[in-house]
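J.: Sharing work_33.cif, mmCIF, C-alpha atoms:
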```cif
data_target
#
loop_
_atom_site.label_atom_id
_atom_site.label_comp_id
_atom_site.auth_asym_id
_atom_site.auth_seq_id
_atom_site.Cartn_x
_atom_site.Cartn_y
_atom_site.Cartn_z
CA MET A 1399 -16.00 19.55 19.13
CA ALA A 1400 -19.75 20.03 18.93
CA GLU A 1401 -22.00 17.84 21.04
CA HIS A 1402 -23.60 14.98 19.23
CA THR A 1403 -26.98 13.60 20.18
CA SER A 1404 -27.41 9.90 20.73
CA GLU A 1405 -29.84 9.93 17.80
CA GLN A 1406 -27.09 11.25 15.50
CA ILE A 1407 -24.66 8.62 16.75
CA GLU A 1408 -27.23 5.86 16.37
CA LYS A 1409 -27.98 6.97 12.81
CA VAL A 1410 -24.33 7.06 11.73
CA ILE A 1411 -23.64 3.63 13.22
CA THR A 1412 -26.82 2.12 11.78
CA ASP A 1413 -26.20 3.59 8.31
CA SER A 1414 -22.62 2.34 8.39
CA LEU A 1415 -23.62 -1.19 9.31
CA ILE A 1416 -26.18 -1.22 6.49
CA SER A 1417 -23.53 0.09 4.07
CA PHE A 1418 -21.33 -2.87 5.10
CA GLY A 1419 -24.10 -5.24 4.03
CA ALA A 1420 -26.19 -5.71 7.18
CA ASN A 1421 -29.90 -6.19 6.46
CA ALA A 1422 -31.62 -2.90 7.41
CA ASP A 1423 -34.61 -4.72 8.94
CA ASP A 1424 -32.33 -6.62 11.31
CA VAL A 1425 -30.34 -3.65 12.63
CA ASN A 1426 -31.57 -2.72 16.10
CA ARG A 1427 -29.95 -2.09 19.48
CA ASP A 1428 -30.12 -5.72 20.56
CA ALA A 1429 -28.80 -7.21 17.34
CA GLU A 1430 -25.51 -9.09 17.67
CA LEU A 1431 -22.93 -7.82 15.18
CA THR A 1432 -21.91 -11.34 14.25
CA ALA A 1433 -25.54 -12.16 13.40
CA LEU A 1434 -25.49 -9.15 11.07
CA ASP A 1435 -22.38 -10.56 9.35
CA ILE A 1436 -20.30 -7.65 10.60
CA ASP A 1437 -16.67 -8.75 10.88
CA SER A 1438 -13.36 -7.30 12.00
CA LEU A 1439 -12.77 -5.36 8.77
CA ASP A 1440 -16.22 -3.76 9.09
CA LEU A 1441 -15.48 -2.84 12.70
CA ALA A 1442 -12.15 -1.30 11.70
CA GLU A 1443 -13.93 0.85 9.14
CA LEU A 1444 -16.69 1.71 11.63
CA SER A 1445 -14.00 2.85 14.09
CA GLN A 1446 -12.60 5.19 11.43
CA ILE A 1447 -16.04 6.63 10.70
CA ILE A 1448 -16.70 7.18 14.40
CA GLU A 1449 -13.33 8.87 14.82
CA GLU A 1450 -13.95 11.18 11.85
CA GLN A 1451 -17.55 12.05 12.71
CA PHE A 1452 -17.45 12.21 16.50
CA GLY A 1453 -13.78 12.50 17.39
CA VAL A 1454 -13.98 9.34 19.48
CA GLU A 1455 -10.99 7.03 19.16
CA LEU A 1456 -11.75 3.38 19.77
CA THR A 1457 -8.85 1.06 20.55
CA SER A 1458 -8.87 -2.55 19.43
CA ALA A 1459 -9.59 -3.46 23.06
CA ASP A 1460 -12.68 -1.19 22.97
CA VAL A 1461 -13.82 -2.77 19.73
CA ALA A 1462 -13.37 -6.25 21.17
CA GLU A 1463 -15.92 -5.35 23.89
CA ILE A 1464 -18.60 -4.45 21.34
CA ALA A 1465 -21.01 -7.35 20.83
CA THR A 1466 -24.27 -5.66 19.90
CA VAL A 1467 -25.34 -2.57 17.96
CA GLY A 1468 -26.37 -1.04 21.31
CA ASP A 1469 -22.87 -1.61 22.73
CA ALA A 1470 -21.38 0.35 19.83
CA ILE A 1471 -23.82 3.24 20.25
CA ASP A 1472 -23.37 3.37 24.03
CA ILE A 1473 -19.57 3.51 23.98
CA VAL A 1474 -19.59 6.41 21.52
CA VAL A 1475 -22.36 8.30 23.35
CA GLU A 1476 -20.46 7.86 26.61
CA ARG A 1477 -17.22 9.25 25.18
CA SER A 1478 -18.39 11.97 22.80
CA MET B 6 -21.81 -1.03 -13.68
CA GLY B 7 -23.12 -4.35 -12.43
CA GLU B 8 -22.29 -6.03 -9.15
CA GLY B 9 -19.10 -8.02 -9.29
CA VAL B 10 -17.39 -5.78 -11.82
CA SER B 11 -14.16 -4.02 -10.86
CA ALA B 12 -14.64 -0.43 -9.79
CA ALA B 13 -13.06 2.43 -11.71
CA ARG B 14 -10.43 4.71 -10.21
CA PRO B 15 -12.25 7.48 -8.32
CA GLN B 16 -11.86 11.08 -9.47
CA GLY B 17 -9.06 12.89 -7.66
CA ALA B 18 -7.23 9.74 -6.58
CA CYS B 19 -3.46 10.05 -6.48
CA ALA B 20 -0.49 7.71 -6.30
CA LEU B 21 2.54 7.59 -4.00
CA VAL B 22 5.79 5.94 -5.04
CA THR B 23 8.46 5.49 -2.38
CA GLY B 24 12.07 5.66 -3.46
CA GLY B 25 10.90 7.32 -6.64
CA SER B 26 13.79 9.60 -7.52
CA ARG B 27 15.72 7.11 -9.64
CA GLY B 28 15.91 3.59 -11.04
CA ILE B 29 12.81 1.45 -10.96
CA GLY B 30 10.91 3.93 -8.77
CA ALA B 31 11.40 6.78 -11.24
CA ALA B 32 10.19 4.62 -14.13
CA ILE B 33 7.13 3.65 -12.07
CA ALA B 34 6.34 7.30 -11.30
CA LEU B 35 6.52 8.17 -15.00
CA ALA B 36 4.38 5.20 -16.04
CA LEU B 37 1.69 6.04 -13.49
CA ALA B 38 1.73 9.70 -14.54
CA ASP B 39 1.31 8.60 -18.16
CA ASP B 40 -1.75 6.64 -17.04
CA GLY B 41 -3.22 9.82 -15.60
CA TRP B 42 -2.33 9.37 -11.94
CA PRO B 43 -1.18 12.47 -10.07
CA VAL B 44 2.01 11.12 -8.49
CA ALA B 45 3.79 11.88 -5.23
CA ILE B 46 7.44 10.93 -5.52
CA ASN B 47 9.12 10.15 -2.24
CA TYR B 48 12.90 10.37 -2.02
CA LEU B 49 15.55 10.27 0.66
CA THR B 50 18.76 11.51 -0.94
CA GLY B 51 17.74 12.07 -4.56
CA ALA B 52 16.21 15.55 -4.33
CA ALA B 53 17.60 16.60 -7.70
CA GLY B 54 16.33 13.44 -9.40
CA ALA B 55 12.90 13.76 -7.81
CA ASN B 56 12.58 17.42 -8.77
CA SER B 57 13.61 16.80 -12.36
CA LEU B 58 11.09 13.95 -12.54
CA VAL B 59 8.36 16.30 -11.32
CA ALA B 60 9.36 18.77 -14.06
CA GLN B 61 9.34 15.98 -16.65
CA ILE B 62 5.85 14.86 -15.60
CA ASP B 63 4.63 18.49 -15.64
CA SER B 64 5.98 18.92 -19.16
CA ARG B 65 4.01 15.87 -20.28
CA GLY B 66 0.83 17.43 -18.92
CA GLY B 67 0.73 15.39 -15.72
CA ARG B 68 0.84 16.36 -12.04
CA ALA B 69 3.50 15.37 -9.55
CA ALA B 70 5.10 16.43 -6.27
CA ALA B 71 8.42 15.47 -4.68
CA ILE B 72 8.32 14.60 -0.98
CA GLU B 73 11.40 13.99 1.15
CA GLY B 74 11.32 11.29 3.81
CA ASP B 75 13.19 8.30 5.19
CA VAL B 76 10.67 5.46 4.99
CA ALA B 77 12.69 3.39 7.47
CA ASP B 78 11.73 5.92 10.15
CA PRO B 79 8.46 4.71 11.75
CA ASP B 80 7.12 8.28 11.88
CA THR B 81 7.55 8.87 8.15
CA PRO B 82 4.71 6.85 6.59
CA ALA B 83 1.79 8.77 8.10
CA ARG B 84 3.49 12.08 7.29
CA LEU B 85 4.18 10.98 3.70
CA ILE B 86 0.58 10.04 3.01
CA GLU B 87 -0.62 13.32 4.49
CA ALA B 88 1.90 15.35 2.50
CA ALA B 89 0.99 13.56 -0.72
CA GLU B 90 -2.71 14.17 -0.16
CA GLN B 91 -2.12 17.85 0.52
CA ALA B 92 0.22 18.35 -2.43
CA LEU B 93 -2.05 16.61 -4.91
CA SER B 94 -5.44 17.42 -3.35
CA GLY B 95 -6.76 13.89 -3.25
CA PRO B 96 -6.56 10.61 -1.38
CA VAL B 97 -3.66 8.23 -2.01
CA LEU B 98 -5.47 5.30 -3.64
CA ALA B 99 -2.41 3.81 -5.30
CA LEU B 100 0.64 3.06 -3.17
CA VAL B 101 3.84 1.64 -4.62
CA ASN B 102 6.21 0.44 -1.92
CA ASN B 103 9.40 0.58 -3.92
CA ALA B 104 12.03 2.06 -1.60
CA GLY B 105 14.63 -0.56 -0.89
CA VAL B 106 18.24 -1.01 0.14
CA ARG B 107 20.89 -3.72 0.15
CA ALA B 108 23.59 -4.37 2.73
CA ASP B 109 25.10 -7.60 1.49
CA GLY B 110 27.16 -10.13 3.38
CA LEU B 111 27.09 -13.80 4.26
CA ALA B 112 24.54 -14.59 6.96
CA LEU B 113 27.33 -15.61 9.32
CA SER B 114 28.97 -12.21 9.06
CA LEU B 115 26.01 -9.80 8.78
CA SER B 116 25.94 -7.10 11.41
CA ASP B 117 22.78 -6.21 13.32
CA GLU B 118 22.86 -2.86 11.56
CA ASP B 119 22.97 -4.58 8.13
CA TRP B 120 19.94 -6.55 9.22
CA ARG B 121 18.04 -3.63 10.71
CA ILE B 122 18.44 -1.16 7.86
CA VAL B 123 17.37 -3.69 5.22
CA LEU B 124 14.39 -5.02 7.18
CA ASP B 125 13.22 -1.57 8.31
CA THR B 126 13.49 -0.07 4.84
CA ASN B 127 12.23 -2.91 2.69
CA LEU B 128 9.69 -4.55 4.99
CA GLY B 129 8.85 -2.16 7.84
CA SER B 130 8.02 0.71 5.51
CA THR B 131 5.86 -1.53 3.34
CA TYR B 132 3.83 -2.55 6.36
CA ARG B 133 3.52 0.96 7.84
CA LEU B 134 2.66 2.71 4.59
CA THR B 135 0.15 0.03 3.63
CA ARG B 136 -1.49 0.19 7.05
CA THR B 137 -1.88 3.95 6.77
CA ALA B 138 -3.00 4.03 3.14
CA LEU B 139 -5.60 1.29 3.59
CA ARG B 140 -7.73 3.59 5.73
CA ALA B 141 -8.69 5.79 2.79
CA MET B 142 -8.74 2.88 0.36
CA ILE B 143 -11.31 0.80 2.20
CA ARG B 144 -13.53 3.88 2.56
CA ALA B 145 -13.20 4.64 -1.16
CA ARG B 146 -13.98 1.01 -2.08
CA PHE B 147 -10.97 1.28 -4.36
CA GLY B 148 -7.28 0.90 -3.79
CA ARG B 149 -4.11 -0.42 -5.30
CA VAL B 150 -1.07 -1.40 -3.25
CA ILE B 151 1.89 -2.69 -5.22
CA ASN B 152 4.87 -3.94 -3.27
CA ILE B 153 8.19 -4.28 -5.04
CA ALA B 154 9.62 -7.63 -4.02
CA SER B 155 12.42 -9.50 -5.78
CA VAL B 156 13.31 -12.85 -7.28
CA VAL B 157 15.66 -12.98 -4.29
CA GLY B 158 13.54 -14.12 -1.38
CA PRO B 159 11.41 -16.77 -3.02
CA ARG B 160 14.82 -18.03 -4.27
CA ALA B 161 18.22 -18.05 -2.63
CA ASN B 162 21.03 -15.65 -3.41
CA ALA B 163 24.19 -16.15 -1.39
CA GLY B 164 25.27 -12.94 0.30
CA GLN B 165 21.77 -11.49 0.62
CA ALA B 166 20.13 -13.31 3.53
CA ASN B 167 18.85 -10.03 4.99
CA TYR B 168 17.55 -8.80 1.63
CA ALA B 169 16.00 -12.22 0.85
CA ALA B 170 14.31 -12.28 4.26
CA SER B 171 12.85 -8.82 3.70
CA LYS B 172 11.57 -9.57 0.20
CA ALA B 173 10.13 -13.01 1.05
CA ALA B 174 8.37 -11.32 3.96
CA VAL B 175 7.00 -8.62 1.64
CA ILE B 176 5.39 -11.37 -0.46
CA GLY B 177 3.90 -13.02 2.64
CA PHE B 178 2.60 -9.67 3.88
CA THR B 179 1.13 -8.95 0.43
CA LYS B 180 -0.86 -12.19 0.37
CA THR B 181 -2.40 -11.89 3.81
CA ALA B 182 -3.14 -8.16 3.66
CA ALA B 183 -4.71 -8.74 0.23
CA VAL B 184 -7.27 -11.24 1.48
CA GLU B 185 -8.19 -9.02 4.42
CA VAL B 186 -9.37 -6.12 2.23
CA ALA B 187 -10.33 -7.84 -1.03
CA ARG B 188 -14.04 -7.29 -0.63
CA ARG B 189 -13.55 -3.53 -0.35
CA GLY B 190 -12.26 -3.28 -3.92
CA VAL B 191 -8.67 -2.91 -2.72
CA THR B 192 -6.02 -5.04 -4.38
CA ILE B 193 -2.56 -5.72 -2.96
CA ASN B 194 0.02 -7.36 -5.20
CA ALA B 195 3.75 -7.78 -5.44
CA VAL B 196 6.01 -7.29 -8.43
CA ALA B 197 9.22 -9.27 -8.28
CA PRO B 198 11.94 -7.91 -10.53
CA GLY B 199 14.91 -10.02 -11.51
CA LEU B 200 18.11 -8.46 -12.69
CA ILE B 201 17.21 -4.90 -13.73
CA ALA B 202 19.78 -2.45 -15.07
CA THR B 203 19.97 0.33 -12.44
CA ALA B 204 22.64 1.89 -10.26
CA MET B 205 21.69 -0.64 -7.55
CA THR B 206 22.72 -3.57 -9.76
CA ASP B 207 25.84 -2.10 -11.41
CA ASP B 208 28.06 -4.44 -9.44
CA ILE B 209 26.22 -7.69 -10.27
CA PRO B 210 28.76 -10.07 -11.81
CA GLN B 211 28.47 -11.30 -15.40
CA GLU B 212 27.93 -14.90 -14.26
CA PHE B 213 24.64 -13.83 -12.67
CA ARG B 214 23.61 -12.11 -15.91
CA ASP B 215 24.38 -15.34 -17.80
CA ARG B 216 21.82 -17.20 -15.68
CA VAL B 217 18.96 -15.08 -17.03
CA PRO B 218 17.10 -17.05 -19.74
CA ALA B 219 16.41 -13.83 -21.66
CA GLN B 220 20.20 -13.31 -21.74
CA ARG B 221 19.97 -9.67 -20.75
CA ALA B 222 19.13 -7.42 -17.83
CA GLY B 223 15.61 -5.98 -17.75
CA THR B 224 14.89 -2.26 -17.85
CA PRO B 225 13.17 -0.17 -15.17
CA GLU B 226 10.45 0.56 -17.74
CA GLU B 227 9.68 -3.16 -18.03
CA VAL B 228 9.08 -3.33 -14.28
CA ALA B 229 7.07 -0.10 -14.38
CA ALA B 230 4.76 -1.52 -17.05
CA ALA B 231 3.78 -4.37 -14.71
CA VAL B 232 3.17 -1.94 -11.86
CA ALA B 233 1.06 0.38 -14.03
CA PHE B 234 -1.04 -2.57 -15.13
CA LEU B 235 -1.65 -3.72 -11.55
CA ALA B 236 -2.62 -0.14 -10.64
CA SER B 237 -5.08 0.10 -13.51
CA ASP B 238 -8.82 -0.54 -13.48
CA ARG B 239 -8.21 -3.57 -15.68
CA ALA B 240 -6.43 -5.41 -12.86
CA GLY B 241 -9.28 -5.19 -10.34
CA TYR B 242 -9.61 -8.95 -9.94
CA ILE B 243 -5.90 -9.61 -9.41
CA THR B 244 -4.94 -9.58 -5.75
CA GLY B 245 -2.48 -11.34 -3.48
CA SER B 246 -0.39 -12.31 -6.48
CA THR B 247 3.28 -11.86 -7.30
CA LEU B 248 4.11 -10.87 -10.85
CA TYR B 249 7.67 -11.79 -11.82
CA VAL B 250 9.46 -9.46 -14.23
CA ASP B 251 12.67 -11.36 -14.55
CA GLY B 252 13.33 -12.59 -18.08
CA GLY B 253 12.49 -16.12 -16.96
CA LEU B 254 15.03 -16.24 -14.13
CA SER B 255 12.66 -17.79 -11.60
CA ALA B 256 10.68 -19.95 -14.03
#
```
Once you've parsed the file, please lay out its structure as structure tokens.
T.:
Amino acid sequence: MAEHTSEQIEKVITDSLISFGANADDVNRDAELTALDIDSLDLAELSQIIEEQFGVELTSADVAEIATVGDAIDIVVERS
Amino acid sequence: MGEGVSAARPQGACALVTGGSRGIGAAIALALADDGWPVAINYLTGAAGANSLVAQIDSRGGRAAAIEGDVADPDTPARLIEAAEQALSGPVLALVNNAGVRADGLALSLSDEDWRIVLDTNLGSTYRLTRTALRAMIRARFGRVINIASVVGPRANAGQANYAASKAAVIGFTKTAAVEVARRGVTINAVAPGLIATAMTDDIPQEFRDRVPAQRAGTPEEVAAAVAFLASDRAGYITGSTLYVDGGLSA
């Protein structure tokens, strides 16, 4: 698996959250996912996208630990 | 297309029908093929039936593939979806959980094996296949899951406590799974046949037939028509529902 830069990971996660309906202006590292109206279905789909694009499998326990956009980026960067 | 309008079936989407080699499943496979769905026909013992159905669909200008697999085996669902997608070169965006078995007996005399085989086949496979298929469906913003339930389950039928439990549970599963994915354009519905003339119901006594208000058994094609409708673009706003095809039996 090719290396992925944190910029690539950040872009995929940001674009995904926007595609789920999050307001683009509000998506930044510190934003809480709940404040962006991202729910468990969105997170399940985000996990699939991350698995397909970066080969990183997130368990439901991993996903439960993700509170902010930055948390999501960091866990994928750490494991990819 | 404006916001709020049902999406159309994406190009390349295909359908998977479990237990599709005969009876209601075979009629469903034909009806979906007639509606332009490439259809994967899963079978367990009916290889000859499944292959002849594939030939029949081919001769009508459709596309189909027969795929062997025991849906009661927990490893089968993921393999089935993958095999269907490879054989038909597209994502499974319509799933018909039709495979079902009976192992009748009074509740007080059912064996654990009677219970297990009916629950694993009728309910477990519905859950596992739906779980697997939903991955592609939510990404595609389009999906149709149609679970074949029964009038038995919502209503009693002495001698079928295991079957009734499995089919009532299928309806409960259908409702909750439907609300979870509704906003992704994926619908999940149940079709509940009454007495339908197939090999599975050959032994149903006349007194049961007499209870049907329509005064006859239904045909597999009449069940298939309901399934094809729920799979169509026209049914995009119907989800979590159970459509009874029973000649008025449960009215």
J.: Select, from B:Met205, B:Val150, B:Ile29, B:Ala256, the residue with the minimum atom-to-atom distance to Gly241 in chain B, counting all atoms listed in the file.
T.: B:Val150
J.: Which residues match the PyMOL selection byres ((chain B and resi 66) around 12) in the file above, as a PDB file with C-alpha atoms, keeping the file's coordinate frame?
T.:
```
ATOM      1  CA  LEU B  35       6.520   8.170 -15.000  1.00  0.00           C
ATOM      2  CA  ALA B  38       1.730   9.700 -14.540  1.00  0.00           C
ATOM      3  CA  ASP B  39       1.310   8.600 -18.160  1.00  0.00           C
ATOM      4  CA  ASP B  40      -1.750   6.640 -17.040  1.00  0.00           C
ATOM      5  CA  GLY B  41      -3.220   9.820 -15.600  1.00  0.00           C
ATOM      6  CA  TRP B  42      -2.330   9.370 -11.940  1.00  0.00           C
ATOM      7  CA  PRO B  43      -1.180  12.470 -10.070  1.00  0.00           C
ATOM      8  CA  VAL B  59       8.360  16.300 -11.320  1.00  0.00           C
ATOM      9  CA  ALA B  60       9.360  18.770 -14.060  1.00  0.00           C
ATOM     10  CA  GLN B  61       9.340  15.980 -16.650  1.00  0.00           C
ATOM     11  CA  ILE B  62       5.850  14.860 -15.600  1.00  0.00           C
ATOM     12  CA  ASP B  63       4.630  18.490 -15.640  1.00  0.00           C
ATOM     13  CA  SER B  64       5.980  18.920 -19.160  1.00  0.00           C
ATOM     14  CA  ARG B  65       4.010  15.870 -20.280  1.00  0.00           C
ATOM     15  CA  GLY B  67       0.730  15.390 -15.720  1.00  0.00           C
ATOM     16  CA  ARG B  68       0.840  16.360 -12.040  1.00  0.00           C
ATOM     17  CA  ALA B  69       3.500  15.370  -9.550  1.00  0.00           C
TER      18      ALA B  69
END
```
J.: I need the output of the PyMOL selection byres ((chain A) within 8 of (chain B)) for this file as a ChimeraX atom specification; which residues are they?
T.: /A:1439,1443,1446
J.: What is the CA of Leu134 in chain B-CA of Pro82 in chain B distance in Å, reported with one decimal?
T.: 5.0 Å
J.: Between A:Ile1447, A:Ala1429, A:Val1410, A:Val1454, which is the closest to Ser1478 in chain A once you count all atoms listed in the file?
T.: A:Val1454
J.: Could you tell me how far CA of Ile1471 in chain A sits from CA of Glu1449 in chain A, in Å to one decimal place?
T.: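 Spanning CA of Glu1449 in chain A to CA of Ile1471 in chain A is a straight-line distance of 13.1 Å.
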J.: Mind pulling up the distance from CA of Leu100 in chain B to CA of Gly158 in chain B?
T.: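 Separation of CA of Gly158 in chain B and CA of Leu100 in chain B: 21.6 Å.
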J.: Give me, as number ranges by chain, all polymer residues having an atom no more than 12 Å from Ile1411 in chain A, counting all atoms listed in the file and skipping those fewer than 6 positions away in the same chain.
T.: A: 1404-1405, 1417-1418, 1420, 1422, 1425-1427, 1431, 1440-1441, 1443-1449, 1451-1452, 1466-1475
J.: Pick from A:Glu1476, A:Ile1416, A:Ala1433, A:Val1461: nearest to His1402 in chain A, with only C-alpha atoms counted?
T.: A:Glu1476
J.: Once the PyMOL selection byres ((chain B and resi 161-166) around 12) is applied to the coordinates I shared, what remains selected? I want it as an NGL selection string.
T.: :B and (106-116 or 119-120 or 123-124 or 155-160 or 167-174 or 199 or 209 or 213 or 255)
J.: So which residues touch range 228-239 of chain B within 10 Å, counting only C-alpha atoms, skipping near sequence neighbours fewer than 3 positions away, as a ChimeraX atom specification?
T.: /B:11-14,20,29-40,42,98-101,147-153,192-199,201,223-225,242-244,248-251
J.: Residues of the last selection are to be written out with C-alpha atoms, as a PDB file, in the frame of the given file.
T.:
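The result, written out as part-v8.pdb:
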```pdb
ATOM      1  CA  SER B  11     -14.160  -4.020 -10.860  1.00  0.00           C
ATOM      2  CA  ALA B  12     -14.640  -0.430  -9.790  1.00  0.00           C
ATOM      3  CA  ALA B  13     -13.060   2.430 -11.710  1.00  0.00           C
ATOM      4  CA  ARG B  14     -10.430   4.710 -10.210  1.00  0.00           C
ATOM      5  CA  ALA B  20      -0.490   7.710  -6.300  1.00  0.00           C
ATOM      6  CA  ILE B  29      12.810   1.450 -10.960  1.00  0.00           C
ATOM      7  CA  GLY B  30      10.910   3.930  -8.770  1.00  0.00           C
ATOM      8  CA  ALA B  31      11.400   6.780 -11.240  1.00  0.00           C
ATOM      9  CA  ALA B  32      10.190   4.620 -14.130  1.00  0.00           C
ATOM     10  CA  ILE B  33       7.130   3.650 -12.070  1.00  0.00           C
ATOM     11  CA  ALA B  34       6.340   7.300 -11.300  1.00  0.00           C
ATOM     12  CA  LEU B  35       6.520   8.170 -15.000  1.00  0.00           C
ATOM     13  CA  ALA B  36       4.380   5.200 -16.040  1.00  0.00           C
ATOM     14  CA  LEU B  37       1.690   6.040 -13.490  1.00  0.00           C
ATOM     15  CA  ALA B  38       1.730   9.700 -14.540  1.00  0.00           C
ATOM     16  CA  ASP B  39       1.310   8.600 -18.160  1.00  0.00           C
ATOM     17  CA  ASP B  40      -1.750   6.640 -17.040  1.00  0.00           C
ATOM     18  CA  TRP B  42      -2.330   9.370 -11.940  1.00  0.00           C
ATOM     19  CA  LEU B  98      -5.470   5.300  -3.640  1.00  0.00           C
ATOM     20  CA  ALA B  99      -2.410   3.810  -5.300  1.00  0.00           C
ATOM     21  CA  LEU B 100       0.640   3.060  -3.170  1.00  0.00           C
ATOM     22  CA  VAL B 101       3.840   1.640  -4.620  1.00  0.00           C
ATOM     23  CA  PHE B 147     -10.970   1.280  -4.360  1.00  0.00           C
ATOM     24  CA  GLY B 148      -7.280   0.900  -3.790  1.00  0.00           C
ATOM     25  CA  ARG B 149      -4.110  -0.420  -5.300  1.00  0.00           C
ATOM     26  CA  VAL B 150      -1.070  -1.400  -3.250  1.00  0.00           C
ATOM     27  CA  ILE B 151       1.890  -2.690  -5.220  1.00  0.00           C
ATOM     28  CA  ASN B 152       4.870  -3.940  -3.270  1.00  0.00           C
ATOM     29  CA  ILE B 153       8.190  -4.280  -5.040  1.00  0.00           C
ATOM     30  CA  THR B 192      -6.020  -5.040  -4.380  1.00  0.00           C
ATOM     31  CA  ILE B 193      -2.560  -5.720  -2.960  1.00  0.00           C
ATOM     32  CA  ASN B 194       0.020  -7.360  -5.200  1.00  0.00           C
ATOM     33  CA  ALA B 195       3.750  -7.780  -5.440  1.00  0.00           C
ATOM     34  CA  VAL B 196       6.010  -7.290  -8.430  1.00  0.00           C
ATOM     35  CA  ALA B 197       9.220  -9.270  -8.280  1.00  0.00           C
ATOM     36  CA  PRO B 198      11.940  -7.910 -10.530  1.00  0.00           C
ATOM     37  CA  GLY B 199      14.910 -10.020 -11.510  1.00  0.00           C
ATOM     38  CA  ILE B 201      17.210  -4.900 -13.730  1.00  0.00           C
ATOM     39  CA  GLY B 223      15.610  -5.980 -17.750  1.00  0.00           C
ATOM     40  CA  THR B 224      14.890  -2.260 -17.850  1.00  0.00           C
ATOM     41  CA  PRO B 225      13.170  -0.170 -15.170  1.00  0.00           C
ATOM     42  CA  TYR B 242      -9.610  -8.950  -9.940  1.00  0.00           C
ATOM     43  CA  ILE B 243      -5.900  -9.610  -9.410  1.00  0.00           C
ATOM     44  CA  THR B 244      -4.940  -9.580  -5.750  1.00  0.00           C
ATOM     45  CA  LEU B 248       4.110 -10.870 -10.850  1.00  0.00           C
ATOM     46  CA  TYR B 249       7.670 -11.790 -11.820  1.00  0.00           C
ATOM     47  CA  VAL B 250       9.460  -9.460 -14.230  1.00  0.00           C
ATOM     48  CA  ASP B 251      12.670 -11.360 -14.550  1.00  0.00           C
TER      49      ASP B 251
END
```
